[in-house]
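**Student:** File coords39.txt follows (compact mmCIF, C-alpha atoms):
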# COMPACT_ATOMS: atom_id res chain seq x y z
CA MET A 210 -24.53 -35.38 -0.03
CA ASN A 211 -25.20 -34.32 3.55
CA PRO A 212 -22.24 -32.74 5.37
CA PRO A 213 -20.39 -35.18 7.63
CA LYS A 214 -21.40 -35.23 11.26
CA THR A 215 -18.92 -34.12 13.89
CA ASP A 216 -18.67 -34.26 17.65
CA ALA A 217 -16.89 -30.89 17.73
CA ARG A 218 -18.69 -28.06 19.51
CA ARG A 219 -18.40 -24.31 19.05
CA HIS A 220 -16.54 -22.80 22.00
CA HIS A 221 -16.71 -19.12 21.10
CA ASP A 222 -19.18 -16.43 20.11
CA PRO A 223 -18.68 -15.78 16.36
CA ASP A 224 -20.21 -12.32 16.71
CA VAL A 225 -17.42 -11.09 19.00
CA ARG A 226 -14.70 -9.10 17.27
CA GLY A 227 -11.88 -7.00 18.62
CA PHE A 228 -9.04 -4.83 17.38
CA ALA A 229 -6.02 -6.71 18.72
CA SER A 230 -4.76 -8.37 15.54
CA ASP A 231 -5.82 -9.44 12.08
CA ASN A 232 -4.58 -12.86 13.21
CA TYR A 233 -7.63 -13.06 15.47
CA ALA A 234 -9.93 -13.29 12.44
CA GLY A 235 -11.09 -16.65 11.18
CA ALA A 236 -10.65 -17.95 7.66
CA HIS A 237 -12.49 -16.47 4.72
CA PRO A 238 -15.33 -18.76 3.54
CA GLU A 239 -13.80 -18.95 0.05
CA VAL A 240 -10.56 -20.21 1.57
CA LEU A 241 -12.42 -22.84 3.59
CA ALA A 242 -14.23 -23.93 0.42
CA ALA A 243 -10.90 -24.24 -1.39
CA ILE A 244 -9.51 -26.50 1.35
CA ALA A 245 -12.56 -28.75 1.03
CA LEU A 246 -12.07 -28.77 -2.74
CA ALA A 247 -8.49 -29.95 -2.33
CA ASN A 248 -9.48 -32.71 0.07
CA GLY A 249 -10.16 -36.31 -0.90
CA GLY A 250 -8.02 -38.82 -2.70
CA HIS A 251 -4.25 -38.95 -2.66
CA GLN A 252 -1.82 -36.28 -3.81
CA ILE A 253 1.96 -36.52 -3.74
CA ALA A 254 3.35 -35.18 -0.47
CA TYR A 255 5.94 -32.48 0.27
CA GLY A 256 4.97 -30.11 -2.53
CA GLU A 257 4.82 -32.35 -5.57
CA ASP A 258 1.04 -32.04 -5.71
CA ASP A 259 -1.10 -30.41 -8.38
CA TYR A 260 -2.13 -27.49 -6.17
CA THR A 261 1.44 -26.42 -5.42
CA ALA A 262 2.29 -26.74 -9.10
CA ASN A 263 -0.60 -24.48 -10.07
CA LEU A 264 0.34 -22.00 -7.36
CA GLN A 265 3.62 -21.39 -9.20
CA GLN A 266 1.71 -20.08 -12.22
CA VAL A 267 -0.39 -17.84 -9.99
CA ILE A 268 2.71 -16.46 -8.27
CA ARG A 269 4.42 -15.71 -11.59
CA GLY A 270 1.36 -13.77 -12.63
CA HIS A 271 1.93 -11.48 -9.66
CA PHE A 272 5.73 -11.40 -9.38
CA GLY A 273 7.13 -12.10 -12.83
CA PRO A 274 8.35 -15.09 -14.85
CA THR A 275 11.36 -15.87 -12.64
CA ALA A 276 9.37 -16.02 -9.40
CA GLU A 277 9.14 -19.29 -7.50
CA ALA A 278 7.04 -19.88 -4.38
CA PHE A 279 8.04 -22.08 -1.45
CA PRO A 280 4.99 -22.47 0.82
CA VAL A 281 5.70 -22.54 4.56
CA PHE A 282 3.65 -22.70 7.74
CA ASN A 283 3.98 -19.18 9.17
CA GLY A 284 5.44 -15.72 8.81
CA THR A 285 8.39 -16.19 11.13
CA GLY A 286 9.31 -19.34 9.25
CA ALA A 287 9.08 -17.48 5.95
CA ASN A 288 11.36 -14.70 7.18
CA VAL A 289 13.93 -17.05 8.70
CA VAL A 290 14.09 -19.25 5.61
CA ALA A 291 14.26 -16.27 3.24
CA LEU A 292 17.02 -14.52 5.19
CA GLN A 293 19.05 -17.71 5.52
CA ALA A 294 18.83 -18.18 1.77
CA ILE A 295 20.56 -14.87 1.03
CA THR A 296 23.20 -14.70 3.77
CA ASP A 297 26.40 -16.51 4.57
CA ARG A 298 27.08 -17.86 8.05
CA TRP A 299 28.99 -14.67 8.83
CA GLY A 300 26.33 -12.44 7.32
CA ALA A 301 24.16 -9.72 8.82
CA VAL A 302 20.82 -8.13 7.94
CA ILE A 303 20.14 -4.40 8.20
CA CYS A 304 16.60 -3.62 9.34
CA ALA A 305 14.56 -0.97 11.12
CA GLU A 306 14.70 -1.07 14.90
CA SER A 307 10.92 -1.58 14.90
CA ALA A 308 11.03 -4.42 12.35
CA HIS A 309 9.03 -7.55 13.08
CA ILE A 310 12.11 -9.72 12.55
CA HIS A 311 13.82 -7.82 15.36
CA VAL A 312 11.01 -7.17 17.84
CA ASP A 313 8.38 -9.87 17.44
CA GLU A 314 9.98 -13.13 16.32
CA GLY A 315 11.54 -14.26 19.59
CA GLY A 316 15.06 -13.92 18.25
CA ALA A 317 14.35 -16.60 15.62
CA PRO A 318 16.31 -14.97 12.78
CA GLU A 319 19.39 -14.85 14.99
CA ARG A 320 18.90 -18.02 17.05
CA MET A 321 17.49 -20.30 14.35
CA GLY A 322 18.76 -18.53 11.25
CA GLY A 323 22.24 -17.99 12.63
CA LEU A 324 22.51 -14.44 11.33
CA LYS A 325 23.03 -11.04 12.91
CA LEU A 326 20.48 -8.22 12.82
CA LEU A 327 21.90 -4.70 12.53
CA THR A 328 19.10 -2.33 13.52
CA VAL A 329 18.55 1.33 12.69
CA PRO A 330 16.19 3.69 14.56
CA THR A 331 13.58 5.21 12.25
CA PRO A 332 10.90 7.83 12.89
CA ASP A 333 8.20 5.98 10.95
CA GLY A 334 9.36 2.38 10.58
CA LYS A 335 10.87 3.02 7.14
CA LEU A 336 14.47 2.68 6.03
CA THR A 337 16.15 5.03 3.56
CA PRO A 338 19.51 4.76 1.78
CA GLU A 339 20.91 7.26 4.30
CA LEU A 340 19.65 5.22 7.26
CA ILE A 341 20.98 2.01 5.73
CA ASP A 342 24.43 3.60 5.57
CA LYS A 343 24.46 3.84 9.37
CA GLN A 344 25.07 0.07 9.42
CA ALA A 345 26.38 -0.60 5.89
CA PHE A 346 30.11 -0.72 6.54
CA GLY A 347 32.90 -3.02 7.67
CA TRP A 348 32.71 -5.68 4.98
CA ASP A 349 36.41 -6.51 5.38
CA ASP A 350 36.40 -6.31 9.17
CA GLU A 351 36.48 -9.86 10.52
CA HIS A 352 35.44 -8.52 13.94
CA ARG A 353 32.05 -7.40 12.62
CA ALA A 354 29.19 -9.38 11.10
CA MET A 355 29.18 -8.64 7.37
CA PRO A 356 26.17 -6.63 6.10
CA GLN A 357 24.73 -8.69 3.25
CA VAL A 358 20.99 -7.98 3.24
CA VAL A 359 18.60 -5.08 3.72
CA SER A 360 15.21 -6.21 5.04
CA ILE A 361 12.18 -3.94 4.79
CA ALA A 362 8.52 -4.56 5.60
CA GLN A 363 5.62 -3.51 3.41
CA ASN A 364 3.66 -2.32 5.19
CA THR A 365 5.86 -1.55 8.18
CA GLU A 366 5.25 -2.50 11.80
CA LEU A 367 4.01 1.07 12.35
CA GLY A 368 1.42 0.77 9.61
CA THR A 369 3.27 3.05 7.21
CA LEU A 370 3.92 2.36 3.52
CA TYR A 371 6.88 2.63 1.18
CA THR A 372 6.17 4.06 -2.25
CA PRO A 373 7.51 2.04 -5.19
CA ASP A 374 10.12 4.75 -5.79
CA GLU A 375 11.29 4.53 -2.18
CA ILE A 376 11.78 0.78 -2.48
CA ARG A 377 13.55 1.22 -5.82
CA ALA A 378 15.97 3.66 -4.17
CA ILE A 379 16.65 1.16 -1.38
CA CYS A 380 17.20 -1.70 -3.84
CA ASP A 381 19.50 0.37 -6.06
CA HIS A 382 21.51 1.50 -3.05
CA ALA A 383 21.75 -1.97 -1.51
CA HIS A 384 22.68 -3.63 -4.79
CA GLY A 385 25.30 -0.95 -5.39
CA LEU A 386 26.89 -1.96 -2.09
CA GLY A 387 26.76 -5.65 -3.00
CA MET A 388 23.80 -6.42 -0.73
CA LYS A 389 20.46 -8.10 -1.44
CA VAL A 390 16.96 -6.95 -0.49
CA HIS A 391 14.32 -8.94 1.40
CA LEU A 392 10.74 -7.71 1.78
CA ASP A 393 8.63 -8.90 4.70
CA GLY A 394 5.19 -8.96 3.11
CA SER A 395 3.02 -10.37 5.87
CA ARG A 396 0.55 -7.57 5.03
CA ILE A 397 1.62 -7.01 1.44
CA ALA A 398 -2.00 -7.17 0.25
CA ASN A 399 -2.94 -4.23 2.47
CA ALA A 400 -0.04 -2.23 1.03
CA ALA A 401 -1.02 -2.96 -2.57
CA ALA A 402 -4.65 -2.11 -1.83
CA SER A 403 -3.71 1.19 -0.23
CA LEU A 404 -1.27 2.18 -2.97
CA ASP A 405 -3.75 0.92 -5.60
CA VAL A 406 -1.01 -0.84 -7.57
CA PRO A 407 -0.21 -4.49 -8.33
CA MET A 408 2.18 -6.17 -5.90
CA ARG A 409 4.79 -6.42 -8.67
CA THR A 410 5.02 -2.62 -8.77
CA PHE A 411 6.95 -2.51 -5.50
CA THR A 412 8.64 -5.93 -5.60
CA ASN A 413 10.13 -7.46 -8.75
CA ALA A 414 9.66 -4.27 -10.79
CA VAL A 415 11.92 -2.28 -8.45
CA GLY A 416 14.58 -4.85 -7.58
CA VAL A 417 13.45 -6.86 -4.54
CA ASP A 418 15.32 -10.18 -4.52
CA ILE A 419 13.16 -12.28 -2.22
CA LEU A 420 10.00 -11.75 -0.19
CA SER A 421 7.88 -13.32 2.49
CA LEU A 422 4.31 -13.48 1.19
CA GLY A 423 1.58 -13.35 3.82
CA GLY A 424 -1.66 -15.29 3.75
CA THR A 425 -2.77 -15.74 7.36
CA LYS A 426 -3.51 -12.07 8.05
CA ASN A 427 -5.52 -11.85 4.83
CA GLY A 428 -8.00 -14.69 5.29
CA ALA A 429 -6.04 -17.96 5.32
CA ILE A 430 -6.08 -20.43 8.21
CA PHE A 431 -2.32 -20.81 8.08
CA GLY A 432 0.31 -20.63 5.41
CA GLU A 433 2.70 -18.12 3.91
CA ALA A 434 5.29 -18.47 1.17
CA VAL A 435 8.86 -17.48 0.46
CA VAL A 436 8.85 -16.04 -3.05
CA VAL A 437 12.22 -16.07 -4.76
CA ILE A 438 12.38 -13.42 -7.47
CA ASN A 439 16.11 -13.28 -8.16
CA GLN A 440 17.12 -16.89 -8.61
CA ASP A 441 20.81 -15.95 -8.59
CA ALA A 442 20.49 -14.49 -5.10
CA VAL A 443 19.43 -17.61 -3.21
CA LYS A 444 21.13 -20.73 -1.99
CA HIS A 445 19.53 -24.13 -1.51
CA MET A 446 15.97 -23.01 -0.71
CA LYS A 447 14.53 -26.53 -0.65
CA HIS A 448 17.09 -27.72 1.85
CA LEU A 449 16.74 -24.62 4.03
CA ARG A 450 12.97 -24.97 4.18
CA LYS A 451 13.25 -28.56 5.39
CA LEU A 452 16.09 -27.77 7.80
CA SER A 453 13.97 -24.96 9.27
CA MET A 454 11.02 -27.30 9.88
CA GLN A 455 8.84 -25.42 7.39
CA LEU A 456 8.23 -28.22 4.85
CA ALA A 457 4.58 -29.29 5.00
CA SER A 458 3.92 -32.91 4.14
CA LYS A 459 0.34 -32.21 3.01
CA MET A 460 1.38 -29.05 1.24
CA ARG A 461 -1.66 -28.98 -1.01
CA PHE A 462 -3.67 -27.56 1.91
CA VAL A 463 -1.25 -24.63 2.25
CA SER A 464 -0.97 -24.01 -1.48
CA VAL A 465 -4.69 -24.12 -2.17
CA GLN A 466 -5.29 -21.39 0.42
CA LEU A 467 -2.79 -19.10 -1.29
CA GLU A 468 -4.30 -20.00 -4.66
CA ALA A 469 -7.78 -19.12 -3.39
CA LEU A 470 -6.53 -15.72 -2.26
CA LEU A 471 -4.30 -14.89 -5.22
CA ALA A 472 -5.76 -16.54 -8.32
CA LYS A 473 -8.39 -13.83 -8.69
CA ASP A 474 -9.07 -10.85 -6.45
CA LEU A 475 -9.94 -12.25 -3.03
CA TRP A 476 -6.62 -11.02 -1.61
CA LEU A 477 -7.41 -7.52 -2.80
CA ARG A 478 -11.03 -7.51 -1.67
CA ASN A 479 -10.04 -8.63 1.81
CA ALA A 480 -7.25 -6.07 2.10
CA ARG A 481 -9.33 -3.20 0.79
CA HIS A 482 -12.06 -3.93 3.30
CA ALA A 483 -9.62 -4.09 6.22
CA ASN A 484 -8.03 -0.81 5.11
CA GLU A 485 -11.44 0.87 4.77
CA MET A 486 -12.38 -0.20 8.29
CA ALA A 487 -9.12 1.26 9.61
CA GLN A 488 -9.91 4.56 7.90
CA ARG A 489 -13.39 4.51 9.42
CA LEU A 490 -11.87 3.82 12.82
CA ALA A 491 -9.32 6.62 12.42
CA GLU A 492 -12.02 9.11 11.40
CA GLY A 493 -14.07 8.22 14.46
CA VAL A 494 -11.10 8.41 16.80
CA ARG A 495 -10.01 11.83 15.50
CA ALA A 496 -13.30 13.22 16.76
CA VAL A 497 -12.56 12.08 20.33
CA HIS A 498 -10.92 14.82 22.37
CA GLY A 499 -7.78 13.67 24.16
CA VAL A 500 -6.88 10.82 21.78
CA GLU A 501 -3.88 11.29 19.49
CA ILE A 502 -3.27 9.24 16.33
CA LEU A 503 0.49 8.66 16.16
CA TYR A 504 1.25 7.66 12.57
CA PRO A 505 -0.41 8.07 9.18
CA VAL A 506 -3.15 5.45 8.77
CA GLN A 507 -2.08 3.93 5.46
CA ALA A 508 -3.16 0.30 5.76
CA ASN A 509 -5.20 -1.61 8.36
CA ALA A 510 -3.54 -0.36 11.56
CA VAL A 511 -4.30 2.61 13.79
CA PHE A 512 -1.74 3.64 16.42
CA ALA A 513 -2.99 6.00 19.11
CA ARG A 514 -2.07 7.54 22.44
CA LEU A 515 -4.63 7.90 25.21
CA PRO A 516 -4.79 7.75 29.01
CA HIS A 517 -3.62 4.39 30.36
CA ASP A 518 -6.66 3.88 32.59
CA VAL A 519 -9.00 4.48 29.66
CA SER A 520 -7.25 1.78 27.64
CA GLU A 521 -7.47 -0.67 30.54
CA ARG A 522 -11.20 -0.12 30.91
CA LEU A 523 -11.74 -0.32 27.18
CA GLN A 524 -9.82 -3.59 26.97
CA LYS A 525 -12.51 -5.20 29.12
CA GLN A 526 -14.93 -4.65 26.24
CA TYR A 527 -12.65 -5.03 23.20
CA ARG A 528 -9.36 -6.87 22.87
CA PHE A 529 -6.36 -4.78 21.75
CA TYR A 530 -2.74 -4.43 22.77
CA PHE A 531 -0.56 -1.74 24.22
CA TRP A 532 2.25 -0.81 21.83
CA ASP A 533 4.21 1.22 24.38
CA GLU A 534 2.48 0.85 27.71
CA ALA A 535 4.65 3.41 29.49
CA ALA A 536 3.70 6.09 26.96
CA GLY A 537 0.07 4.98 26.72
CA ASP A 538 0.43 3.99 23.06
CA VAL A 539 -1.90 1.33 21.69
CA ARG A 540 -2.43 -0.44 18.38
CA TRP A 541 -5.82 -1.16 16.85
CA MET A 542 -5.97 -3.58 13.93
CA CYS A 543 -8.77 -4.19 11.45
CA ALA A 544 -9.29 -7.42 9.51
CA PHE A 545 -11.12 -8.67 6.44
CA ASP A 546 -14.15 -9.50 8.62
CA THR A 547 -14.27 -6.27 10.65
CA ARG A 548 -17.75 -4.76 10.34
CA GLU A 549 -18.84 -1.15 10.32
CA GLU A 550 -20.88 -1.79 13.45
CA ASP A 551 -17.76 -3.17 15.17
CA VAL A 552 -15.90 0.05 14.45
CA ASP A 553 -18.79 2.30 15.41
CA GLY A 554 -19.38 0.38 18.64
CA PHE A 555 -15.72 0.66 19.55
CA VAL A 556 -15.62 4.41 18.87
CA ALA A 557 -18.75 4.89 20.98
CA ALA A 558 -17.19 2.92 23.84
CA LEU A 559 -13.99 4.97 23.53
CA LYS A 560 -15.96 8.22 23.74
CA GLU A 561 -17.80 6.97 26.81
CA GLU A 562 -14.63 5.94 28.61
CA MET A 563 -12.84 9.18 27.72
CA ALA A 564 -15.77 11.14 29.17
CA ARG A 565 -15.59 9.33 32.55
For the file at hand, write its structure as structure tokens.

**Tutor:**
Amino acid sequence: MNPPKTDARRHHDPDVRGFASDNYAGAHPEVLAAIALANGGHQIAYGEDDYTANLQQVIRGHFGPTAEAFPVFNGTGANVVALQAITDRWGAVICAESAHIHVDEGGAPERMGGLKLLTVPTPDGKLTPELIDKQAFGWDDEHRAMPQVVSIAQNTELGTLYTPDEIRAICDHAHGLGMKVHLDGSRIANAAASLDVPMRTFTNAVGVDILSLGGTKNGAIFGEAVVVINQDAVKHMKHLRKLSMQLASKMRFVSVQLEALLAKDLWLRNARHANEMAQRLAEGVRAVHGVEILYPVQANAVFARLPHDVSERLQKQYRFYFWDEAAGDVRWMCAFDTREEDVDGFVAALKEEMAR
């Protein structure tokens, strides 16, 4: 059968790539093929379809027999729904000061989720039991929001990684204080690829109660999932997802994307490639005099400091963002479709601008 005709036109140059965000990347061809496969005919709406049912088996293969996936539209939605599910109305969430839920979600956890974030400064984006204790107090004080959850990100907003033992220590400490643990896994595939371990090694195996599972940054068009590991920890997930406007009517098209990524090794292939391109970028940047790499490059992000005017000129050739504009700090992200020639061209342009 010939492909259907369309009046749509291409409005961009598919050969142009930047280093602003892995969200800039398109969808992986295997994900697009899966969406086409799921199309046609009628399937029951709101998650009672065959694709969402099969996704549950795939998720349990990664996160254990008690795991249950609740597909949602986006990462902020996943975090808000997950955190609501494990807090009371008077509850609070302890997180790093640099955490995505605090810095980059427009206040959604607090405004839409109705919970309080208790932040802790960290040198590298990572919490520790000792840092958690800076906010883990006052459970009987009615004048203070009650700490009920510790939220960590793997990998962190600064591109750093927790080891499985570090997450186990956090989970043991939080559980010992009567709190639960949420993991923001928008880039969980990159973390697993870098650590060279299955995702279960630093989630259900070490005590994480609930996680936000990313798909968009790893080759999906849209779609993440809240994965409940500890069924005793959550409250009314189905109702919270609907209340939070994260229940897709044609959920099969979200679920099949996650299935395409997770059923075999596409998630890992994509993440490994993005990580390798970040390492290539970091190696090239280290050879440029006057550019400082700020944090260990452990996943698909490179944070650097360079003269402000150089960044502004370079941004006219390649898209990327300032991380701390006053300090001259920038963030460069690699994606599953970043090519070696993209990295090498960027490094060459950086050298040229630094030499001006």

**Student:** Name the closest residue to A:Asp551 among the candidates A:Leu386, A:Ala400, A:Val225, A:Ala217; distances are taken between atoms, counting all atoms listed in the file.

**Tutor:**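 That would be A:Val225, the residue with the smallest distance to A:Asp551.
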
**Student:** Which polymer residues have any atom within 12 Å of an atom of A:Asp418, counting only C-alpha atoms, with same-chain residues fewer than 3 positions away left out, as a ChimeraX atom specification?

**Tutor:** /A:272-273,275-277,291-292,294-295,358-361,376-377,379-381,383-384,388-393,409,411-415,421,435-443

**Student:** Could you give me, as a ChimeraX atom specification, the residues within 7 Å of A:Asn283, counting only C-alpha atoms and dropping anything in the same chain fewer than 2 positions from it?

**Tutor:** /A:281,285-287,431-433

**Student:** With a cut-off of 9 Å, could you pull out the residues of stretch 504-558 of chain A touching stretch 469-489 of chain A and give me the nearest pair of atoms for each, distance in Å to one decimal, using all atoms listed in the file, ordered by chain and ascending number, as CSV?

**Tutor:**
residue,atom,partner,partner_atom,distance
A:Val506,CA,A:Gln488,CA,6.9
A:Gln507,CA,A:Asn484,CA,7.6
A:Ala508,CA,A:Asn484,CA,5.0
A:Asn509,CA,A:Asn484,CA,4.4
A:Ala510,CA,A:Ala487,CA,6.1
A:Val511,CA,A:Ala487,CA,6.5
A:Trp541,CA,A:Ala487,CA,8.3
A:Met542,CA,A:Ala487,CA,7.2
A:Cys543,CA,A:Ala483,CA,5.3
A:Ala544,CA,A:Ala483,CA,4.7
A:Phe545,CA,A:Asn479,CA,4.8
A:Asp546,CA,A:Ala483,CA,7.5
A:Thr547,CA,A:Met486,CA,6.8
A:Arg548,CA,A:Met486,CA,7.3
A:Glu549,CA,A:Met486,CA,6.8
A:Val552,CA,A:Met486,CA,7.1
A:Asp553,CA,A:Arg489,CA,8.4

**Student:** Go ahead and save the picked residues with C-alpha atoms, as a JSON list (two decimals), in the coordinates of the input.

**Tutor:**
[["chain", "number", "residue", "atom", "x", "y", "z"],
["A", 506, "VAL", "CA", -3.15, 5.45, 8.77],
["A", 507, "GLN", "CA", -2.08, 3.93, 5.46],
["A", 508, "ALA", "CA", -3.16, 0.30, 5.76],
["A", 509, "ASN", "CA", -5.20, -1.61, 8.36],
["A", 510, "ALA", "CA", -3.54, -0.36, 11.56],
["A", 511, "VAL", "CA", -4.30, 2.61, 13.79],
["A", 541, "TRP", "CA", -5.82, -1.16, 16.85],
["A", 542, "MET", "CA", -5.97, -3.58, 13.93],
["A", 543, "CYS", "CA", -8.77, -4.19, 11.45],
["A", 544, "ALA", "CA", -9.29, -7.42, 9.51],
["A", 545, "PHE", "CA", -11.12, -8.67, 6.44],
["A", 546, "ASP", "CA", -14.15, -9.50, 8.62],
["A", 547, "THR", "CA", -14.27, -6.27, 10.65],
["A", 548, "ARG", "CA", -17.75, -4.76, 10.34],
["A", 549, "GLU", "CA", -18.84, -1.15, 10.32],
["A", 552, "VAL", "CA", -15.90, 0.05, 14.45],
["A", 553, "ASP", "CA", -18.79, 2.30, 15.41]]

**Student:** Measuring atom to atom with all atoms listed in the file, identify which of A:Ala564, A:Gln363, A:Ala457, A:Pro223 is nearest to A:Ala254.

**Tutor:**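 That would be A:Ala457, the residue with the smallest distance to A:Ala254.
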